[in-house]
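Structure file run.tsv with TSV, C-alpha atoms:
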```tsv
chain	number	residue	atom	x	y	z
F	1	MET	CA	-163.77	39.80	37.59
F	2	LYS	CA	-160.79	38.19	35.92
F	3	LEU	CA	-159.76	34.88	37.44
F	4	ALA	CA	-156.02	34.30	37.74
F	5	LEU	CA	-155.44	30.61	37.09
F	6	LEU	CA	-152.39	28.89	38.51
F	7	LEU	CA	-151.10	25.60	37.16
F	8	GLY	CA	-149.99	22.92	39.55
F	9	LEU	CA	-147.22	20.38	39.92
F	10	LEU	CA	-147.26	18.25	43.07
F	11	SER	CA	-144.36	15.85	43.38
F	12	SER	CA	-141.68	14.28	45.51
F	13	VAL	CA	-139.19	15.16	42.78
F	14	GLY	CA	-138.79	18.68	41.43
F	15	TRP	CA	-137.08	20.28	38.46
F	16	SER	CA	-137.44	23.17	36.07
F	17	TRP	CA	-135.99	23.86	32.68
F	18	THR	CA	-132.82	24.26	32.31
F	19	HIS	CA	-132.47	20.67	33.60
F	20	VAL	CA	-129.25	21.58	35.41
F	21	GLY	CA	-128.40	18.85	37.89
F	22	ASN	CA	-131.59	16.88	37.21
F	23	ASN	CA	-131.33	13.81	35.02
F	24	ILE	CA	-135.03	13.35	34.19
F	25	ARG	CA	-135.41	11.34	30.98
F	26	GLY	CA	-139.18	11.21	30.64
F	27	TRP	CA	-141.02	8.06	29.58
F	28	LYS	CA	-138.84	5.36	28.08
F	29	GLU	CA	-141.38	3.74	25.77
F	30	GLN	CA	-142.83	5.51	22.73
F	31	PRO	CA	-145.50	6.54	22.05
F	32	VAL	CA	-146.46	7.98	25.43
F	33	THR	CA	-150.15	7.17	25.84
F	34	PHE	CA	-152.31	9.21	28.21
F	35	TYR	CA	-155.05	7.00	29.66
F	36	VAL	CA	-158.31	8.86	30.23
F	37	ASN	CA	-161.22	8.11	32.56
F	38	TYR	CA	-164.25	10.27	31.72
F	39	SER	CA	-166.05	9.51	34.99
F	40	ASN	CA	-166.84	12.58	37.12
F	41	CYS	CA	-165.87	14.94	34.29
F	42	PRO	CA	-168.13	18.01	34.05
F	43	LEU	CA	-167.59	18.06	30.27
F	44	SER	CA	-168.82	15.48	27.79
F	45	GLU	CA	-166.58	12.68	26.55
F	46	SER	CA	-166.39	14.23	23.09
F	47	GLU	CA	-165.44	17.63	24.55
F	48	ILE	CA	-162.72	16.07	26.71
F	49	ASN	CA	-161.36	14.14	23.72
F	50	ASP	CA	-161.27	17.27	21.55
F	51	ILE	CA	-159.42	19.14	24.28
F	52	ILE	CA	-156.94	16.31	24.83
F	53	ASP	CA	-156.31	15.99	21.09
F	54	GLN	CA	-155.53	19.70	20.85
F	55	ALA	CA	-153.09	19.43	23.74
F	56	ILE	CA	-151.50	16.34	22.20
F	57	LYS	CA	-151.10	18.21	18.92
F	58	SER	CA	-148.96	20.81	20.68
F	59	TRP	CA	-146.46	18.27	22.00
F	60	ASN	CA	-146.40	16.15	18.87
F	61	GLY	CA	-145.22	19.10	16.79
F	62	VAL	CA	-141.62	19.23	18.06
F	63	THR	CA	-139.47	18.13	15.11
F	64	ASP	CA	-136.27	17.90	17.16
F	65	SER	CA	-137.86	15.37	19.51
F	66	LYS	CA	-138.68	11.67	19.22
F	67	LEU	CA	-141.74	12.21	21.44
F	68	VAL	CA	-145.04	10.84	20.18
F	69	VAL	CA	-148.14	11.28	22.35
F	70	GLY	CA	-151.48	9.48	22.09
F	71	ARG	CA	-154.57	8.72	24.19
F	72	ALA	CA	-156.67	5.74	25.21
F	73	GLU	CA	-159.47	5.02	27.66
F	74	THR	CA	-158.97	3.52	31.13
F	75	SER	CA	-161.04	2.51	34.16
F	76	THR	CA	-158.40	3.76	36.61
F	77	THR	CA	-159.94	5.87	39.38
F	78	VAL	CA	-158.52	8.82	41.29
F	79	ALA	CA	-158.27	6.65	44.41
F	80	SER	CA	-156.33	3.87	42.69
F	81	PHE	CA	-154.03	6.37	41.03
F	82	LEU	CA	-153.23	8.14	44.30
F	83	ASN	CA	-152.75	4.78	46.01
F	84	LYS	CA	-150.15	4.03	43.33
F	85	THR	CA	-151.89	0.90	42.11
F	86	ALA	CA	-152.65	2.17	38.60
F	87	VAL	CA	-151.13	0.05	35.85
F	88	LYS	CA	-151.64	2.07	32.66
F	89	LEU	CA	-149.88	5.43	32.92
F	90	PRO	CA	-149.78	8.39	32.65
F	91	VAL	CA	-153.45	9.12	33.37
F	92	ILE	CA	-155.87	12.02	32.96
F	93	LEU	CA	-158.65	11.93	35.56
F	94	CYS	CA	-161.40	14.27	36.74
F	95	ASP	CA	-161.33	14.68	40.51
F	96	PRO	CA	-164.61	15.69	42.25
F	97	SER	CA	-162.68	16.04	45.53
F	98	PHE	CA	-159.87	18.12	44.09
F	99	ALA	CA	-159.45	20.22	47.25
F	100	THR	CA	-158.50	17.08	49.17
F	101	GLN	CA	-155.37	16.80	47.05
F	102	ILE	CA	-154.34	20.44	46.74
F	103	GLY	CA	-156.00	22.20	49.69
F	104	ASN	CA	-159.10	24.36	50.13
F	105	SER	CA	-157.11	27.59	49.88
F	106	VAL	CA	-156.28	27.12	46.18
F	107	VAL	CA	-159.17	25.03	44.84
F	108	ASN	CA	-160.69	28.18	43.32
F	109	VAL	CA	-157.55	29.16	41.37
F	110	VAL	CA	-155.98	25.82	40.35
F	111	PRO	CA	-157.82	24.03	37.51
F	112	ALA	CA	-155.50	20.99	37.40
F	113	ALA	CA	-152.46	19.43	39.03
F	114	THR	CA	-149.93	16.84	37.99
F	115	PHE	CA	-148.77	14.20	40.41
F	116	PHE	CA	-145.77	11.96	40.00
F	117	SER	CA	-143.52	10.22	42.44
F	118	GLN	CA	-141.56	7.51	40.73
F	119	THR	CA	-138.68	7.18	38.30
F	120	ASP	CA	-136.54	4.16	37.55
F	121	ASN	CA	-132.80	3.98	38.22
F	122	ASP	CA	-132.05	5.66	34.89
F	123	GLY	CA	-134.31	8.65	35.59
F	124	ASN	CA	-137.16	7.51	33.36
F	125	LEU	CA	-140.65	8.37	34.56
F	126	ILE	CA	-142.74	5.34	35.50
F	127	TYR	CA	-145.65	6.91	37.42
F	128	SER	CA	-147.44	10.21	36.82
F	129	GLY	CA	-150.86	11.62	36.03
F	130	VAL	CA	-153.04	14.70	35.67
F	131	LEU	CA	-156.00	15.44	37.93
F	132	LEU	CA	-158.52	17.94	36.56
F	133	ASN	CA	-160.52	20.11	38.94
F	134	ALA	CA	-164.06	18.72	38.86
F	135	GLN	CA	-165.07	19.84	42.33
F	136	ASN	CA	-168.61	21.13	42.51
F	137	GLY	CA	-168.73	24.83	43.40
F	138	ALA	CA	-165.03	25.48	42.80
F	139	ALA	CA	-164.35	28.59	40.72
F	140	ALA	CA	-161.51	26.77	38.93
F	141	ASN	CA	-163.67	23.76	38.04
F	142	ILE	CA	-162.88	23.14	34.37
F	143	ALA	CA	-166.58	23.56	33.54
F	144	ASN	CA	-166.21	27.24	34.51
F	145	LEU	CA	-163.32	27.86	32.12
F	146	SER	CA	-163.35	28.71	28.45
F	147	ARG	CA	-162.45	26.03	25.92
F	148	GLY	CA	-159.12	27.74	25.29
F	149	GLN	CA	-158.29	27.86	29.00
F	150	VAL	CA	-158.96	24.15	29.43
F	151	GLU	CA	-156.79	23.34	26.38
F	152	LEU	CA	-153.98	25.47	27.78
F	153	THR	CA	-154.37	23.91	31.21
F	154	LEU	CA	-154.25	20.35	29.92
F	155	ALA	CA	-151.36	20.98	27.52
F	156	HIS	CA	-149.41	22.53	30.41
F	157	GLU	CA	-150.14	19.61	32.75
F	158	MET	CA	-149.22	17.13	30.02
F	159	GLY	CA	-145.85	18.86	29.90
F	160	HIS	CA	-145.40	18.13	33.61
F	161	ALA	CA	-146.50	14.51	33.18
F	162	LEU	CA	-143.99	14.17	30.33
F	163	GLY	CA	-141.15	15.42	32.52
F	164	LEU	CA	-141.00	19.22	32.35
F	165	GLY	CA	-141.09	21.60	35.29
F	166	HIS	CA	-142.19	25.24	35.30
F	167	SER	CA	-140.49	27.72	33.01
F	168	SER	CA	-139.37	31.14	34.20
F	169	ILE	CA	-140.47	32.70	30.89
F	170	PRO	CA	-144.01	34.19	31.10
F	171	GLU	CA	-144.74	33.51	27.41
F	172	ALA	CA	-143.88	29.80	27.73
F	173	LEU	CA	-146.63	27.19	27.91
F	174	MET	CA	-144.84	25.78	30.96
F	175	TYR	CA	-144.99	29.06	32.89
F	176	PHE	CA	-146.84	28.60	36.20
F	177	SER	CA	-149.78	30.82	35.22
F	178	LEU	CA	-152.05	30.88	32.17
F	179	GLY	CA	-151.82	34.67	32.05
F	180	ASP	CA	-153.28	36.10	28.83
F	181	LYS	CA	-152.49	33.07	26.66
F	182	GLN	CA	-155.22	32.01	24.24
F	183	LEU	CA	-153.79	28.90	22.53
F	184	PRO	CA	-151.59	25.99	23.71
F	185	LEU	CA	-148.60	27.01	21.62
F	186	LEU	CA	-145.04	26.06	22.52
F	187	THR	CA	-142.31	28.68	22.80
F	188	GLU	CA	-138.65	28.00	22.07
F	189	ASP	CA	-138.15	27.36	25.79
F	190	ASP	CA	-140.83	24.64	25.81
F	191	ILE	CA	-139.40	23.11	22.62
F	192	ASP	CA	-135.84	23.08	23.96
F	193	GLY	CA	-137.02	21.45	27.17
F	194	ILE	CA	-139.01	18.61	25.59
F	195	ALA	CA	-136.36	18.01	22.91
F	196	HIS	CA	-133.78	17.65	25.65
F	197	ILE	CA	-135.82	15.07	27.56
F	198	TYR	CA	-136.84	13.22	24.40
F	199	PRO	CA	-133.97	13.79	21.93
F	200	ARG	CA	-134.45	12.44	18.43
F	201	ASN	CA	-132.21	9.50	17.63
F	202	GLU	CA	-129.66	10.73	15.11
F	203	PHE	CA	-129.40	7.27	13.53
F	204	THR	CA	-133.15	6.77	13.00
F	205	GLY	CA	-134.38	10.35	12.80
F	206	GLY	CA	-133.62	10.91	9.13
F	207	LEU	CA	-130.75	12.39	7.11
F	208	LEU	CA	-128.79	15.01	9.02
F	209	GLY	CA	-131.44	15.28	11.74
F	210	CYS	CA	-130.94	17.30	14.92
F	211	ALA	CA	-130.71	15.76	18.37
F	212	ALA	CA	-129.77	16.89	21.84
F	213	VAL	CA	-127.29	14.83	23.85
F	214	HIS	CA	-128.78	13.91	27.21
F	215	SER	CA	-126.47	14.55	30.13
F	216	ILE	CA	-126.75	15.71	33.70
F	217	ALA	CA	-124.86	18.97	33.26
F	218	SER	CA	-126.48	20.20	30.06
F	219	SER	CA	-128.07	23.53	29.24
F	220	GLN	CA	-130.21	25.29	26.66
F	221	SER	CA	-127.08	26.47	24.86
F	222	ASP	CA	-126.11	22.84	24.18
F	223	THR	CA	-129.28	22.35	22.16
F	224	ALA	CA	-128.77	25.65	20.35
F	225	ILE	CA	-125.25	24.62	19.32
F	226	THR	CA	-126.48	21.25	18.07
F	227	ARG	CA	-129.15	22.94	15.97
F	228	GLY	CA	-126.66	25.44	14.58
F	229	LEU	CA	-124.35	22.71	13.32
F	230	SER	CA	-127.00	20.99	11.20
F	231	PRO	CA	-127.22	23.65	8.42
F	232	ILE	CA	-123.41	23.78	8.23
F	233	VAL	CA	-123.13	20.00	7.82
F	234	LEU	CA	-125.90	20.09	5.22
F	235	MET	CA	-124.08	22.77	3.20
F	236	ILE	CA	-120.83	20.76	3.28
F	237	PHE	CA	-122.66	17.63	2.17
F	238	LEU	CA	-124.47	19.38	-0.71
F	239	ASN	CA	-121.27	21.11	-1.80
F	240	TRP	CA	-119.50	17.72	-1.93
F	241	ILE	CA	-122.32	16.21	-4.02
F	242	PHE	CA	-122.31	19.17	-6.42
F	243	GLY	CA	-118.53	18.94	-6.77
F	244	ARG	CA	-118.70	15.24	-7.59
F	245	LEU	CA	-121.37	15.80	-10.24
F	246	LEU	CA	-119.42	18.66	-11.81
F	247	PHE	CA	-116.24	16.56	-11.87
F	248	ARG	CA	-118.01	13.68	-13.65
F	249	LYS	CA	-119.55	16.05	-16.20
F	250	ASN	CA	-116.20	17.67	-17.03
F	251	LYS	CA	-114.50	14.28	-17.24
F	252	SER	CA	-117.14	13.02	-19.68
F	253	ARG	CA	-116.83	16.14	-21.81
F	254	THR	CA	-113.04	15.72	-21.98
F	255	ILE	CA	-113.38	12.15	-23.26
F	256	LEU	CA	-115.96	13.13	-25.92
F	257	GLU	CA	-113.86	16.06	-27.20
F	258	ARG	CA	-110.60	14.09	-27.40
F	259	PRO	CA	-109.21	14.42	-31.00
F	260	LEU	CA	-108.90	11.25	-33.11
```

Structure translated into structure tokens:
Amino acid sequence: MKLALLLGLLSSVGWSWTHVGNNIRGWKEQPVTFYVNYSNCPLSESEINDIIDQAIKSWNGVTDSKLVVGRAETSTTVASFLNKTAVKLPVILCDPSFATQIGNSVVNVVPAATFFSQTDNDGNLIYSGVLLNAQNGAAANIANLSRGQVELTLAHEMGHALGLGHSSIPEALMYFSLGDKQLPLLTEDDIDGIAHIYPRNEFTGGLLGCAAVHSIASSQSDTAITRGLSPIVLMIFLNWIFGRLLFRKNKSRTILERPL
């Protein structure tokens, strides 16, 4: 029997890409480090690390974004995280009492959930984390999933912890269900969303780099327009350089060929 896996986001604040009316800016400091506690995990530490690294690779591949993601170890427990006393954030924790947080009715179909409740006055995230289903006997316990499903699950939940909501596009990594996906690959919708929350700084991102302007009333089309301008600017710049070089060459030739 095929198990339909749903991906969770539990929060006192809600949003979904297109970001309309929601000024979520993600984590202010870079890189964003996910702090991992391997206690209670049904998979080995090396397996968890490999899965996390694959998920991190997905989010670190967005060239239009300044986002850099990493991982480190922590002793933070599920209890301290839920009590909002954790210091190093965001976290990735295995929860052996997962049903307590999400309810008995969905513990067999939800392999993970992201919790966050706090942003600062500028809309930057300051408290969030991912709880993985490690409840004994639960059908959606991550030990019962394939390696690919766990990678997809964690990459999706990382997206929530970074500031993204659910996408309405079934092919997107941030869609609410894993569906038939096999790899944690980002679609254009995922890329636009994360690039909007973490726009690359035009002044430090390299020559003629692309960046989205963060504003409350922005949309996907804003990012598309910004991207479309970059090739045009590049062509103008290269044409100017070529023209200058040609002018200097012709000027030099004129001087050399001047009759005595």

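All protein, DNA and RNA residues at most 12 Å from (-159.3, 1.8, 38.1) are Tyr35, Val36, Asn37, Tyr38, Ser39, Glu73, Thr74, Ser75, Thr76, Thr77, Val78, Ala79, Ser80, Phe81, Leu82, Asn83, Lys84, Thr85, Ala86, Val87, Lys88, Leu89, Val91, Ile92 and Leu93 of chain F, using all atoms listed in the file.
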
Exercise. With a distance cut-off of 9 Å and only C-alpha atoms, select the neighbouring residues of stretch 98-105 of chain F, excluding the residue or stretch itself and same-chain residues fewer than 2 positions from it, and output the selection as an NGL selection string.
Key: :F and (8 or 10 or 94-96 or 107-110 or 112-113 or 131-135 or 138)

Quiz item: So which residues touch F:Ala55 within 8 Å, counting only C-alpha atoms, skipping near sequence neighbours fewer than 5 positions away, as an MDAnalysis selection string?
Solution: chainID F and resid 151:152 154:155 158 184

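Separating atom CA of F:Leu178 from atom CA of F:Ala139 is a distance of 15.2 Å.
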
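Note that the spacing between atom CA of F:Asp50 and atom CA of F:Val150 amounts to 10.7 Å.
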
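If only C-alpha atoms are the atoms counted, then among F:Glu47, F:Asp180, F:Asp64, F:Asp120 the closest residue to F:Ile197 is F:Asp64.
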
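Proximity to F:Ile191 was assessed for F:Val62, F:Leu145, F:Ala161, F:Leu67 counting only C-alpha atoms; the smallest distance is recorded for F:Val62.
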
Could the centre and edge lengths of an axis-aligned box, enclosing all atoms of stretch 144-151 of chain F in the file with 8 Å extra on each side, be given in Å to one decimal as AutoDock Vina command-line options?
```
--center_x -161.5 --center_y 26.0 --center_z 29.9 --size_x 25.4 --size_y 21.4 --size_z 25.2
```

Quiz item: When you draw a straight line from atom CA of F:Tyr175 to atom CA of F:Asp190, how long is it in Å?
Solution: 9.3 Å

Quiz item: If you count only C-alpha atoms, which residues fall within 8 Å of stretch 124-127 of chain F, apart from same-chain ones fewer than 2 positions away, as a ChimeraX atom specification?
Solution: /F:24-28,84,89-90,116-122,129,162-163

Can stretch 76-89 of chain F be brought up to N, CA, C and O atoms and written out as an mmCIF file, in the coordinates of the input?
```
data_model
loop_
_atom_site.group_PDB
_atom_site.id
_atom_site.type_symbol
_atom_site.label_atom_id
_atom_site.label_comp_id
_atom_site.auth_asym_id
_atom_site.auth_seq_id
_atom_site.Cartn_x
_atom_site.Cartn_y
_atom_site.Cartn_z
ATOM 1 N N THR F 76 -159.123 3.338 35.409
ATOM 2 C CA THR F 76 -158.400 3.760 36.610
ATOM 3 C C THR F 76 -159.132 4.909 37.295
ATOM 4 O O THR F 76 -159.562 5.866 36.643
ATOM 5 N N THR F 77 -159.266 4.829 38.605
ATOM 6 C CA THR F 77 -159.940 5.870 39.380
ATOM 7 C C THR F 77 -158.922 6.781 40.050
ATOM 8 O O THR F 77 -157.727 6.457 40.123
ATOM 9 N N VAL F 78 -159.400 7.905 40.564
ATOM 10 C CA VAL F 78 -158.520 8.820 41.290
ATOM 11 C C VAL F 78 -157.921 8.109 42.499
ATOM 12 O O VAL F 78 -156.723 8.241 42.791
ATOM 13 N N ALA F 79 -158.749 7.348 43.209
ATOM 14 C CA ALA F 79 -158.270 6.650 44.410
ATOM 15 C C ALA F 79 -157.164 5.661 44.087
ATOM 16 O O ALA F 79 -156.126 5.624 44.763
ATOM 17 N N SER F 80 -157.359 4.865 43.036
ATOM 18 C CA SER F 80 -156.330 3.870 42.690
ATOM 19 C C SER F 80 -155.055 4.543 42.201
ATOM 20 O O SER F 80 -153.947 4.073 42.485
ATOM 21 N N PHE F 81 -155.213 5.647 41.486
ATOM 22 C CA PHE F 81 -154.030 6.370 41.030
ATOM 23 C C PHE F 81 -153.232 6.919 42.212
ATOM 24 O O PHE F 81 -152.013 6.742 42.290
ATOM 25 N N LEU F 82 -153.916 7.568 43.154
ATOM 26 C CA LEU F 82 -153.230 8.140 44.300
ATOM 27 C C LEU F 82 -152.661 7.074 45.238
ATOM 28 O O LEU F 82 -151.678 7.313 45.936
ATOM 29 N N ASN F 83 -153.276 5.897 45.222
ATOM 30 C CA ASN F 83 -152.750 4.780 46.010
ATOM 31 C C ASN F 83 -151.606 4.066 45.313
ATOM 32 O O ASN F 83 -151.072 3.075 45.827
ATOM 33 N N LYS F 84 -151.271 4.550 44.127
ATOM 34 C CA LYS F 84 -150.150 4.030 43.330
ATOM 35 C C LYS F 84 -150.346 2.570 42.932
ATOM 36 O O LYS F 84 -149.402 1.784 42.907
ATOM 37 N N THR F 85 -151.598 2.250 42.599
ATOM 38 C CA THR F 85 -151.890 0.900 42.110
ATOM 39 C C THR F 85 -152.309 0.909 40.640
ATOM 40 O O THR F 85 -152.661 -0.133 40.100
ATOM 41 N N ALA F 86 -152.293 2.085 40.017
ATOM 42 C CA ALA F 86 -152.650 2.170 38.600
ATOM 43 C C ALA F 86 -151.587 1.459 37.764
ATOM 44 O O ALA F 86 -150.392 1.501 38.089
ATOM 45 N N VAL F 87 -152.041 0.819 36.699
ATOM 46 C CA VAL F 87 -151.130 0.050 35.850
ATOM 47 C C VAL F 87 -150.805 0.791 34.554
ATOM 48 O O VAL F 87 -149.649 0.864 34.137
ATOM 49 N N LYS F 88 -151.837 1.353 33.914
ATOM 50 C CA LYS F 88 -151.640 2.070 32.660
ATOM 51 C C LYS F 88 -151.434 3.548 32.950
ATOM 52 O O LYS F 88 -152.315 4.220 33.487
ATOM 53 N N LEU F 89 -150.285 4.060 32.579
ATOM 54 C CA LEU F 89 -149.880 5.430 32.920
ATOM 55 C C LEU F 89 -149.179 6.087 31.740
ATOM 56 O O LEU F 89 -148.646 5.398 30.882
#
```
